[in-house]
$ cat query_28.txt   # compact mmCIF, N, CA and C atoms and all ligand atoms
# COMPACT_ATOMS: atom_id res chain seq x y z
N MET V 1 -85.95 17.26 -11.00
CA MET V 1 -86.98 16.32 -10.56
C MET V 1 -86.35 15.02 -10.11
N VAL V 2 -85.32 14.56 -10.81
CA VAL V 2 -84.58 13.35 -10.42
C VAL V 2 -83.92 13.57 -9.06
N GLY V 3 -83.21 14.68 -8.94
CA GLY V 3 -82.51 14.99 -7.69
C GLY V 3 -83.51 15.14 -6.54
N GLY V 4 -84.61 15.85 -6.79
CA GLY V 4 -85.63 16.06 -5.77
C GLY V 4 -86.22 14.74 -5.31
N ALA V 5 -86.55 13.87 -6.25
CA ALA V 5 -87.15 12.57 -5.92
C ALA V 5 -86.14 11.71 -5.15
N LEU V 6 -84.90 11.68 -5.60
CA LEU V 6 -83.91 10.81 -4.94
C LEU V 6 -83.49 11.35 -3.58
N GLN V 7 -83.44 12.68 -3.45
CA GLN V 7 -83.14 13.25 -2.13
C GLN V 7 -84.30 12.98 -1.16
N HIS V 8 -85.53 13.03 -1.69
CA HIS V 8 -86.72 12.73 -0.90
C HIS V 8 -86.64 11.29 -0.38
N LEU V 9 -86.34 10.35 -1.27
CA LEU V 9 -86.28 8.93 -0.88
C LEU V 9 -85.12 8.68 0.08
N HIS V 10 -84.02 9.38 -0.14
CA HIS V 10 -82.85 9.27 0.74
C HIS V 10 -83.22 9.70 2.15
N SER V 11 -83.94 10.82 2.25
CA SER V 11 -84.36 11.35 3.55
C SER V 11 -85.29 10.37 4.27
N LEU V 12 -86.22 9.77 3.52
CA LEU V 12 -87.15 8.79 4.11
C LEU V 12 -86.40 7.55 4.57
N ARG V 13 -85.52 7.07 3.73
CA ARG V 13 -84.79 5.82 3.98
C ARG V 13 -83.91 5.93 5.23
N LEU V 14 -83.18 7.02 5.34
CA LEU V 14 -82.22 7.17 6.43
C LEU V 14 -82.78 7.97 7.60
N ILE V 15 -84.05 8.43 7.44
CA ILE V 15 -84.69 9.29 8.45
C ILE V 15 -83.73 10.42 8.81
N GLU V 16 -83.36 11.15 7.76
CA GLU V 16 -82.34 12.20 7.88
C GLU V 16 -82.87 13.50 7.30
N ALA V 17 -82.49 14.63 7.89
CA ALA V 17 -82.92 15.94 7.39
C ALA V 17 -82.36 16.16 5.98
N ASP V 18 -83.12 16.89 5.16
CA ASP V 18 -82.67 17.14 3.78
C ASP V 18 -82.07 18.54 3.62
N HIS V 19 -82.11 19.33 4.70
CA HIS V 19 -81.56 20.70 4.69
C HIS V 19 -82.12 21.53 3.54
N GLY V 20 -83.41 21.33 3.24
CA GLY V 20 -84.08 22.14 2.23
C GLY V 20 -83.77 21.77 0.79
N ARG V 21 -82.96 20.71 0.60
CA ARG V 21 -82.56 20.34 -0.76
C ARG V 21 -83.74 19.91 -1.63
N ILE V 22 -84.67 19.15 -1.04
CA ILE V 22 -85.78 18.61 -1.84
C ILE V 22 -86.59 19.76 -2.45
N ARG V 23 -86.98 20.72 -1.59
CA ARG V 23 -87.79 21.86 -2.05
C ARG V 23 -87.04 22.63 -3.14
N THR V 24 -85.77 22.89 -2.90
CA THR V 24 -84.96 23.65 -3.86
C THR V 24 -84.93 22.96 -5.21
N LEU V 25 -84.74 21.63 -5.21
CA LEU V 25 -84.62 20.90 -6.48
C LEU V 25 -85.97 20.80 -7.20
N LEU V 26 -87.05 20.62 -6.43
CA LEU V 26 -88.37 20.56 -7.08
C LEU V 26 -88.74 21.93 -7.66
N ASP V 27 -88.37 22.99 -6.94
CA ASP V 27 -88.61 24.35 -7.45
C ASP V 27 -87.82 24.57 -8.74
N GLU V 28 -86.59 24.04 -8.79
CA GLU V 28 -85.76 24.19 -9.98
C GLU V 28 -86.40 23.46 -11.17
N ALA V 29 -86.94 22.27 -10.89
CA ALA V 29 -87.61 21.51 -11.96
C ALA V 29 -88.79 22.30 -12.52
N GLU V 30 -89.58 22.90 -11.61
CA GLU V 30 -90.74 23.68 -12.02
C GLU V 30 -90.30 24.90 -12.83
N ASN V 31 -89.23 25.53 -12.38
CA ASN V 31 -88.69 26.71 -13.07
C ASN V 31 -88.23 26.33 -14.49
N GLU V 32 -87.57 25.19 -14.63
CA GLU V 32 -87.11 24.75 -15.96
C GLU V 32 -88.30 24.41 -16.86
N ARG V 33 -89.34 23.84 -16.26
CA ARG V 33 -90.54 23.52 -17.06
C ARG V 33 -91.15 24.82 -17.60
N MET V 34 -91.10 25.88 -16.79
CA MET V 34 -91.63 27.17 -17.24
C MET V 34 -90.79 27.76 -18.36
N HIS V 35 -89.48 27.48 -18.35
CA HIS V 35 -88.63 27.91 -19.47
C HIS V 35 -89.14 27.26 -20.76
N LEU V 36 -89.40 25.94 -20.67
CA LEU V 36 -89.89 25.22 -21.85
C LEU V 36 -91.23 25.78 -22.32
N MET V 37 -92.16 25.94 -21.36
CA MET V 37 -93.50 26.45 -21.70
C MET V 37 -93.42 27.82 -22.37
N THR V 38 -92.51 28.65 -21.86
CA THR V 38 -92.34 30.00 -22.40
C THR V 38 -91.81 29.95 -23.83
N PHE V 39 -90.73 29.17 -24.04
CA PHE V 39 -90.11 29.17 -25.37
C PHE V 39 -90.94 28.43 -26.41
N ILE V 40 -91.85 27.55 -25.95
CA ILE V 40 -92.80 26.91 -26.86
C ILE V 40 -93.68 28.01 -27.49
N HIS V 41 -94.03 29.03 -26.67
CA HIS V 41 -94.87 30.13 -27.15
C HIS V 41 -94.12 31.05 -28.11
N ILE V 42 -92.78 31.05 -28.00
CA ILE V 42 -91.99 31.96 -28.83
C ILE V 42 -91.55 31.28 -30.12
N THR V 43 -91.17 29.99 -30.02
CA THR V 43 -90.56 29.34 -31.20
C THR V 43 -91.51 28.42 -31.96
N HIS V 44 -92.65 28.03 -31.36
CA HIS V 44 -93.62 27.15 -32.02
C HIS V 44 -92.95 25.95 -32.70
N PRO V 45 -92.43 25.00 -31.90
CA PRO V 45 -91.70 23.86 -32.48
C PRO V 45 -92.59 22.99 -33.37
N SER V 46 -91.93 22.38 -34.35
CA SER V 46 -92.63 21.48 -35.28
C SER V 46 -92.88 20.14 -34.59
N GLY V 47 -93.62 19.28 -35.26
CA GLY V 47 -93.88 17.94 -34.74
C GLY V 47 -92.58 17.17 -34.52
N LEU V 48 -91.64 17.34 -35.46
CA LEU V 48 -90.35 16.65 -35.35
C LEU V 48 -89.57 17.14 -34.14
N GLU V 49 -89.60 18.47 -33.93
CA GLU V 49 -88.89 19.03 -32.77
C GLU V 49 -89.51 18.55 -31.45
N ARG V 50 -90.84 18.43 -31.45
CA ARG V 50 -91.51 17.91 -30.25
C ARG V 50 -91.12 16.46 -30.00
N LEU V 51 -90.95 15.71 -31.08
CA LEU V 51 -90.52 14.31 -30.97
C LEU V 51 -89.11 14.23 -30.38
N LEU V 52 -88.23 15.16 -30.84
CA LEU V 52 -86.86 15.19 -30.32
C LEU V 52 -86.86 15.51 -28.81
N ILE V 53 -87.74 16.42 -28.40
CA ILE V 53 -87.86 16.76 -26.97
C ILE V 53 -88.26 15.50 -26.19
N LEU V 54 -89.21 14.78 -26.76
CA LEU V 54 -89.72 13.56 -26.11
C LEU V 54 -88.60 12.52 -25.97
N LEU V 55 -87.85 12.31 -27.05
CA LEU V 55 -86.77 11.32 -27.03
C LEU V 55 -85.65 11.75 -26.08
N ALA V 56 -85.31 13.04 -26.14
CA ALA V 56 -84.25 13.56 -25.26
C ALA V 56 -84.65 13.35 -23.80
N GLN V 57 -85.91 13.58 -23.49
CA GLN V 57 -86.37 13.39 -22.11
C GLN V 57 -86.23 11.93 -21.70
N GLY V 58 -86.63 11.02 -22.58
CA GLY V 58 -86.57 9.60 -22.28
C GLY V 58 -85.15 9.15 -21.99
N VAL V 59 -84.22 9.62 -22.79
CA VAL V 59 -82.81 9.23 -22.62
C VAL V 59 -82.22 9.93 -21.41
N PHE V 60 -82.40 11.25 -21.35
CA PHE V 60 -81.73 12.02 -20.29
C PHE V 60 -82.23 11.65 -18.90
N PHE V 61 -83.56 11.52 -18.76
CA PHE V 61 -84.11 11.22 -17.43
C PHE V 61 -83.49 9.94 -16.88
N ASN V 62 -83.47 8.88 -17.71
CA ASN V 62 -83.00 7.58 -17.24
C ASN V 62 -81.49 7.57 -16.98
N LEU V 63 -80.72 8.17 -17.88
CA LEU V 63 -79.27 8.23 -17.67
C LEU V 63 -78.93 9.06 -16.43
N TYR V 64 -79.66 10.17 -16.30
CA TYR V 64 -79.39 11.05 -15.17
C TYR V 64 -79.77 10.39 -13.84
N PHE V 65 -80.87 9.64 -13.87
CA PHE V 65 -81.32 8.88 -12.70
C PHE V 65 -80.21 7.92 -12.27
N LEU V 66 -79.67 7.21 -13.25
CA LEU V 66 -78.59 6.25 -13.00
C LEU V 66 -77.37 6.96 -12.42
N LEU V 67 -76.98 8.07 -13.05
CA LEU V 67 -75.83 8.83 -12.58
C LEU V 67 -76.05 9.30 -11.15
N TYR V 68 -77.26 9.79 -10.86
CA TYR V 68 -77.55 10.33 -9.53
C TYR V 68 -77.49 9.23 -8.47
N MET V 69 -77.90 8.00 -8.85
CA MET V 69 -77.84 6.86 -7.93
C MET V 69 -76.37 6.54 -7.61
N ILE V 70 -75.52 6.62 -8.64
CA ILE V 70 -74.12 6.26 -8.47
C ILE V 70 -73.37 7.37 -7.73
N SER V 71 -73.58 8.61 -8.17
CA SER V 71 -72.85 9.73 -7.56
C SER V 71 -73.65 11.03 -7.63
N PRO V 72 -74.40 11.36 -6.56
CA PRO V 72 -75.16 12.61 -6.54
C PRO V 72 -74.24 13.81 -6.71
N LYS V 73 -73.04 13.71 -6.16
CA LYS V 73 -72.07 14.80 -6.27
C LYS V 73 -71.76 15.10 -7.74
N THR V 74 -71.43 14.05 -8.49
CA THR V 74 -71.12 14.22 -9.92
C THR V 74 -72.34 14.72 -10.67
N ALA V 75 -73.52 14.20 -10.33
CA ALA V 75 -74.76 14.61 -11.01
C ALA V 75 -74.98 16.12 -10.86
N HIS V 76 -74.77 16.64 -9.64
CA HIS V 76 -74.96 18.09 -9.43
C HIS V 76 -73.86 18.89 -10.14
N ARG V 77 -72.65 18.33 -10.17
CA ARG V 77 -71.54 19.02 -10.85
C ARG V 77 -71.87 19.14 -12.34
N VAL V 78 -72.37 18.05 -12.92
CA VAL V 78 -72.73 18.05 -14.35
C VAL V 78 -73.77 19.14 -14.62
N VAL V 79 -74.80 19.20 -13.77
CA VAL V 79 -75.84 20.22 -13.96
C VAL V 79 -75.25 21.62 -13.80
N GLY V 80 -74.34 21.78 -12.85
CA GLY V 80 -73.69 23.07 -12.66
C GLY V 80 -73.03 23.53 -13.95
N TYR V 81 -72.34 22.61 -14.64
CA TYR V 81 -71.67 22.95 -15.90
C TYR V 81 -72.68 23.16 -17.03
N LEU V 82 -73.75 22.35 -17.06
CA LEU V 82 -74.79 22.54 -18.08
C LEU V 82 -75.44 23.91 -17.93
N GLU V 83 -75.65 24.33 -16.68
CA GLU V 83 -76.27 25.63 -16.42
C GLU V 83 -75.34 26.76 -16.85
N GLU V 84 -74.04 26.54 -16.65
CA GLU V 84 -73.05 27.53 -17.10
C GLU V 84 -73.16 27.69 -18.63
N GLU V 85 -73.29 26.54 -19.32
CA GLU V 85 -73.46 26.57 -20.77
C GLU V 85 -74.73 27.30 -21.15
N ALA V 86 -75.78 27.09 -20.37
CA ALA V 86 -77.07 27.75 -20.64
C ALA V 86 -76.91 29.27 -20.53
N VAL V 87 -76.15 29.72 -19.52
CA VAL V 87 -75.91 31.16 -19.36
C VAL V 87 -75.23 31.72 -20.61
N HIS V 88 -74.23 30.98 -21.12
CA HIS V 88 -73.53 31.41 -22.35
C HIS V 88 -74.50 31.43 -23.54
N SER V 89 -75.31 30.37 -23.66
CA SER V 89 -76.25 30.28 -24.79
C SER V 89 -77.24 31.44 -24.77
N TYR V 90 -77.78 31.76 -23.59
CA TYR V 90 -78.75 32.87 -23.50
C TYR V 90 -78.06 34.21 -23.76
N THR V 91 -76.79 34.30 -23.40
CA THR V 91 -76.05 35.53 -23.69
C THR V 91 -75.91 35.71 -25.20
N GLU V 92 -75.64 34.60 -25.91
CA GLU V 92 -75.54 34.66 -27.38
C GLU V 92 -76.90 34.96 -27.99
N TYR V 93 -77.95 34.37 -27.43
CA TYR V 93 -79.32 34.60 -27.90
C TYR V 93 -79.65 36.09 -27.77
N LEU V 94 -79.27 36.65 -26.60
CA LEU V 94 -79.52 38.08 -26.34
C LEU V 94 -78.79 38.94 -27.37
N ALA V 95 -77.53 38.58 -27.68
CA ALA V 95 -76.76 39.32 -28.68
C ALA V 95 -77.46 39.21 -30.04
N GLY V 96 -78.03 38.04 -30.33
CA GLY V 96 -78.76 37.84 -31.58
C GLY V 96 -80.00 38.72 -31.67
N VAL V 97 -80.66 38.92 -30.55
CA VAL V 97 -81.83 39.81 -30.52
C VAL V 97 -81.36 41.25 -30.75
N ASP V 98 -80.25 41.60 -30.09
CA ASP V 98 -79.74 42.98 -30.19
C ASP V 98 -79.24 43.32 -31.58
N ASP V 99 -78.67 42.32 -32.30
CA ASP V 99 -78.17 42.64 -33.65
C ASP V 99 -79.21 42.34 -34.74
N GLY V 100 -80.43 42.00 -34.30
CA GLY V 100 -81.52 41.84 -35.26
C GLY V 100 -81.64 40.46 -35.89
N THR V 101 -80.76 39.50 -35.48
CA THR V 101 -80.86 38.14 -36.01
C THR V 101 -82.21 37.52 -35.63
N TYR V 102 -82.63 37.79 -34.40
CA TYR V 102 -83.93 37.30 -33.93
C TYR V 102 -84.82 38.50 -33.63
N ALA V 103 -86.07 38.40 -34.06
CA ALA V 103 -87.02 39.48 -33.81
C ALA V 103 -87.31 39.60 -32.32
N ASN V 104 -87.31 40.82 -31.82
CA ASN V 104 -87.60 41.06 -30.40
C ASN V 104 -89.12 41.11 -30.21
N VAL V 105 -89.72 39.93 -30.31
CA VAL V 105 -91.19 39.83 -30.28
C VAL V 105 -91.73 40.15 -28.88
N PRO V 106 -93.02 40.48 -28.77
CA PRO V 106 -93.59 40.71 -27.44
C PRO V 106 -93.47 39.45 -26.58
N ALA V 107 -93.24 39.62 -25.28
CA ALA V 107 -93.15 38.47 -24.36
C ALA V 107 -94.51 37.78 -24.30
N PRO V 108 -94.55 36.44 -24.30
CA PRO V 108 -95.83 35.76 -24.17
C PRO V 108 -96.44 36.00 -22.78
N ARG V 109 -97.76 35.95 -22.72
CA ARG V 109 -98.49 36.17 -21.47
C ARG V 109 -97.95 35.32 -20.31
N ILE V 110 -97.68 34.03 -20.63
CA ILE V 110 -97.23 33.08 -19.61
C ILE V 110 -95.93 33.57 -18.94
N ALA V 111 -95.05 34.21 -19.74
CA ALA V 111 -93.78 34.72 -19.21
C ALA V 111 -94.01 35.99 -18.38
N ILE V 112 -94.89 36.85 -18.87
CA ILE V 112 -95.20 38.09 -18.13
C ILE V 112 -95.76 37.75 -16.75
N ASP V 113 -96.66 36.76 -16.71
CA ASP V 113 -97.26 36.36 -15.43
C ASP V 113 -96.23 35.70 -14.52
N TYR V 114 -95.43 34.80 -15.08
CA TYR V 114 -94.50 34.02 -14.25
C TYR V 114 -93.39 34.88 -13.67
N TRP V 115 -92.77 35.74 -14.49
CA TRP V 115 -91.65 36.56 -14.00
C TRP V 115 -92.11 37.96 -13.58
N LYS V 116 -93.44 38.17 -13.60
CA LYS V 116 -94.02 39.47 -13.23
C LYS V 116 -93.33 40.60 -14.01
N LEU V 117 -93.27 40.41 -15.34
CA LEU V 117 -92.67 41.42 -16.21
C LEU V 117 -93.69 42.50 -16.52
N ALA V 118 -93.21 43.63 -17.04
CA ALA V 118 -94.10 44.71 -17.46
C ALA V 118 -94.98 44.20 -18.61
N ALA V 119 -96.16 44.78 -18.73
CA ALA V 119 -97.10 44.35 -19.78
C ALA V 119 -96.52 44.54 -21.18
N VAL V 120 -95.57 45.49 -21.29
CA VAL V 120 -94.96 45.77 -22.60
C VAL V 120 -93.66 44.99 -22.81
N ALA V 121 -93.36 44.02 -21.91
CA ALA V 121 -92.10 43.27 -21.98
C ALA V 121 -91.95 42.56 -23.32
N ARG V 122 -90.70 42.37 -23.74
CA ARG V 122 -90.40 41.73 -25.02
C ARG V 122 -89.48 40.53 -24.78
N LEU V 123 -89.16 39.85 -25.88
CA LEU V 123 -88.31 38.67 -25.79
C LEU V 123 -87.02 38.96 -25.01
N ARG V 124 -86.43 40.12 -25.27
CA ARG V 124 -85.20 40.52 -24.59
C ARG V 124 -85.33 40.43 -23.06
N ASP V 125 -86.45 40.91 -22.52
CA ASP V 125 -86.67 40.87 -21.07
C ASP V 125 -86.82 39.43 -20.59
N VAL V 126 -87.46 38.61 -21.41
CA VAL V 126 -87.64 37.20 -21.04
C VAL V 126 -86.28 36.50 -20.97
N ILE V 127 -85.45 36.73 -21.97
CA ILE V 127 -84.12 36.08 -22.00
C ILE V 127 -83.30 36.49 -20.77
N ILE V 128 -83.38 37.75 -20.40
CA ILE V 128 -82.61 38.22 -19.23
C ILE V 128 -83.11 37.53 -17.96
N ALA V 129 -84.43 37.36 -17.84
CA ALA V 129 -85.00 36.69 -16.66
C ALA V 129 -84.59 35.22 -16.63
N VAL V 130 -84.66 34.57 -17.78
CA VAL V 130 -84.33 33.15 -17.85
C VAL V 130 -82.84 32.95 -17.57
N ARG V 131 -82.01 33.81 -18.12
CA ARG V 131 -80.57 33.70 -17.90
C ARG V 131 -80.23 33.85 -16.41
N ALA V 132 -80.95 34.74 -15.72
CA ALA V 132 -80.73 34.90 -14.27
C ALA V 132 -81.11 33.61 -13.53
N ASP V 133 -82.18 32.96 -13.97
CA ASP V 133 -82.56 31.66 -13.37
C ASP V 133 -81.43 30.65 -13.55
N GLU V 134 -80.88 30.59 -14.78
CA GLU V 134 -79.83 29.61 -15.07
C GLU V 134 -78.58 29.88 -14.23
N ALA V 135 -78.26 31.16 -14.05
CA ALA V 135 -77.09 31.51 -13.23
C ALA V 135 -77.31 31.05 -11.79
N HIS V 136 -78.56 31.19 -11.32
CA HIS V 136 -78.89 30.74 -9.96
C HIS V 136 -78.78 29.21 -9.86
N HIS V 137 -79.30 28.50 -10.88
CA HIS V 137 -79.20 27.03 -10.88
C HIS V 137 -77.73 26.60 -10.85
N ARG V 138 -76.91 27.30 -11.61
CA ARG V 138 -75.47 26.99 -11.64
C ARG V 138 -74.89 27.06 -10.24
N GLU V 139 -75.18 28.16 -9.52
CA GLU V 139 -74.64 28.32 -8.16
C GLU V 139 -75.14 27.21 -7.25
N VAL V 140 -76.45 26.97 -7.27
CA VAL V 140 -77.08 25.98 -6.39
C VAL V 140 -76.48 24.59 -6.63
N ASN V 141 -76.34 24.20 -7.90
CA ASN V 141 -75.86 22.85 -8.19
C ASN V 141 -74.38 22.67 -7.86
N HIS V 142 -73.59 23.69 -8.10
CA HIS V 142 -72.17 23.58 -7.71
C HIS V 142 -72.06 23.53 -6.17
N GLU V 143 -72.94 24.28 -5.48
CA GLU V 143 -72.93 24.24 -4.02
C GLU V 143 -73.30 22.85 -3.50
N PHE V 144 -74.34 22.26 -4.11
CA PHE V 144 -74.76 20.92 -3.70
C PHE V 144 -73.62 19.92 -3.95
N ALA V 145 -72.97 20.06 -5.10
CA ALA V 145 -71.85 19.15 -5.41
C ALA V 145 -70.74 19.31 -4.36
N ASP V 146 -70.46 20.55 -3.95
CA ASP V 146 -69.43 20.78 -2.93
C ASP V 146 -69.85 20.16 -1.60
N GLU V 147 -71.12 20.35 -1.23
CA GLU V 147 -71.61 19.81 0.05
C GLU V 147 -71.54 18.29 0.07
N LEU V 148 -71.85 17.66 -1.06
CA LEU V 148 -71.90 16.20 -1.13
C LEU V 148 -70.52 15.59 -1.30
N ALA V 149 -69.52 16.44 -1.58
CA ALA V 149 -68.16 15.93 -1.83
C ALA V 149 -67.57 15.34 -0.53
FE FE S 201 -83.73 26.56 -18.35
FE FE S 202 -81.33 25.80 -15.49

$ encode --input "query_28.txt" --output "structure tokens" --more "lines below"
Ligand SMILES: [Fe+2]
Ligand SMILES: [Fe+2]
Amino acid sequence: MVGGALQHLHSLRLIEADHGRIRTLLDEAENERMHLMTFIHITHPSGLERLLILLAQGVFFNLYFLLYMISPKTAHRVVGYLEEEAVHSYTEYLAGVDDGTYANVPAPRIAIDYWKLAAVARLRDVIIAVRADEAHHREVNHEFADELA
């Protein structure tokens, strides 16, 4: 959302084409919001955890905004690496489901609708879909960082 907004303003300011970057970044923000909405249905966070999400957003949004103003290239590189970490985390999560650490609960309705999963889909299918999204974000952000270099 930060990148989308700043690329939008950049395009307006310089009257310059955005080469589809704005749409791509806003779509990524929406996709990440759906990850949150989905996992809220699976993990049912406590009030304290919701507070942590709120604080993390307040800190991260502003710091990231500042970073993006200073160096969009670095900002996209950072996200590229964060997404790589996300791919690893979801891989570990998947292993945890497979070895029984986490129950392979039915996929929530919101996830079935969003990723067009089978009606009988389970957490395992959701994690695989989300991990594919993260891998795509990783590629896109590293590409943007390369283009802006
Ligand atoms: Fe995500
Ligand atoms: Fe992501």

$ atom_distance --input "query_28.txt" --atom1 "atom C of Ile22 in chain V" --atom2 "CA of Gly4 in chain V"
5.1 Å

$ residues_near_ligand --input "query_28.txt" --ligand "ligand FE 201 (chain S)" --cutoff "7 Å" --atoms "only C-alpha atoms and all ligand atoms" --output "compact mmCIF listing (two decimals) with N, CA and C atoms, keeping the file's coordinate frame"
# COMPACT_ATOMS: atom_id res chain seq x y z
N GLU V 32 -87.57 25.19 -14.63
CA GLU V 32 -87.11 24.75 -15.96
C GLU V 32 -88.30 24.41 -16.86
N HIS V 35 -89.48 27.48 -18.35
CA HIS V 35 -88.63 27.91 -19.47
C HIS V 35 -89.14 27.26 -20.76
N VAL V 130 -84.66 34.57 -17.78
CA VAL V 130 -84.33 33.15 -17.85
C VAL V 130 -82.84 32.95 -17.57
N GLU V 134 -80.88 30.59 -14.78
CA GLU V 134 -79.83 29.61 -15.07
C GLU V 134 -78.58 29.88 -14.23

$ residues_near_ligand --input "query_28.txt" --ligand "ligand FE 202 (chain S)" --cutoff "8 Å" --atoms "only C-alpha atoms and all ligand atoms" --output "mmCIF file with N, CA and C atoms, in the frame of the given file"
data_model
loop_
_atom_site.group_PDB
_atom_site.id
_atom_site.type_symbol
_atom_site.label_atom_id
_atom_site.label_comp_id
_atom_site.auth_asym_id
_atom_site.auth_seq_id
_atom_site.Cartn_x
_atom_site.Cartn_y
_atom_site.Cartn_z
ATOM 1 N N GLU V 28 -86.590 24.040 -8.790
ATOM 2 C CA GLU V 28 -85.760 24.190 -9.980
ATOM 3 C C GLU V 28 -86.400 23.460 -11.170
ATOM 4 N N ASN V 31 -89.230 25.530 -12.380
ATOM 5 C CA ASN V 31 -88.690 26.710 -13.070
ATOM 6 C C ASN V 31 -88.230 26.330 -14.490
ATOM 7 N N GLU V 32 -87.570 25.190 -14.630
ATOM 8 C CA GLU V 32 -87.110 24.750 -15.960
ATOM 9 C C GLU V 32 -88.300 24.410 -16.860
ATOM 10 N N VAL V 79 -74.800 19.200 -13.770
ATOM 11 C CA VAL V 79 -75.840 20.220 -13.960
ATOM 12 C C VAL V 79 -75.250 21.620 -13.800
ATOM 13 N N LEU V 82 -73.750 22.350 -17.060
ATOM 14 C CA LEU V 82 -74.790 22.540 -18.080
ATOM 15 C C LEU V 82 -75.440 23.910 -17.930
ATOM 16 N N GLU V 83 -75.650 24.330 -16.680
ATOM 17 C CA GLU V 83 -76.270 25.630 -16.420
ATOM 18 C C GLU V 83 -75.340 26.760 -16.850
ATOM 19 N N ALA V 86 -75.780 27.090 -20.370
ATOM 20 C CA ALA V 86 -77.070 27.750 -20.640
ATOM 21 C C ALA V 86 -76.910 29.270 -20.530
ATOM 22 N N ASP V 133 -82.180 32.960 -13.970
ATOM 23 C CA ASP V 133 -82.560 31.660 -13.370
ATOM 24 C C ASP V 133 -81.430 30.650 -13.550
ATOM 25 N N GLU V 134 -80.880 30.590 -14.780
ATOM 26 C CA GLU V 134 -79.830 29.610 -15.070
ATOM 27 C C GLU V 134 -78.580 29.880 -14.230
ATOM 28 N N ALA V 135 -78.260 31.160 -14.050
ATOM 29 C CA ALA V 135 -77.090 31.510 -13.230
ATOM 30 C C ALA V 135 -77.310 31.050 -11.790
ATOM 31 N N HIS V 136 -78.560 31.190 -11.320
ATOM 32 C CA HIS V 136 -78.890 30.740 -9.960
ATOM 33 C C HIS V 136 -78.780 29.210 -9.860
ATOM 34 N N HIS V 137 -79.300 28.500 -10.880
ATOM 35 C CA HIS V 137 -79.200 27.030 -10.880
ATOM 36 C C HIS V 137 -77.730 26.600 -10.850
ATOM 37 N N ARG V 138 -76.910 27.300 -11.610
ATOM 38 C CA ARG V 138 -75.470 26.990 -11.640
ATOM 39 C C ARG V 138 -74.890 27.060 -10.240
#

$ atom_distance --input "query_28.txt" --atom1 "atom N of Ser71 in chain V" --atom2 "CA of Gly58 in chain V"
19.2 Å

$ atom_distance --input "query_28.txt" --atom1 "atom C of Pro72 in chain V" --atom2 "atom C of Val140 in chain V"
11.0 Å

$ closest_residue --input "query_28.txt" --among "V:His41, V:Gly80, V:Asp98, V:Thr91" --to "Glu139 in chain V" --atoms "all atoms listed in the file"
V:Gly80

$ closest_residue --input "query_28.txt" --among "V:His8, V:Lys73, V:Arg50, V:His19" --to "Phe144 in chain V" --atoms "only C-alpha atoms"
V:Lys73
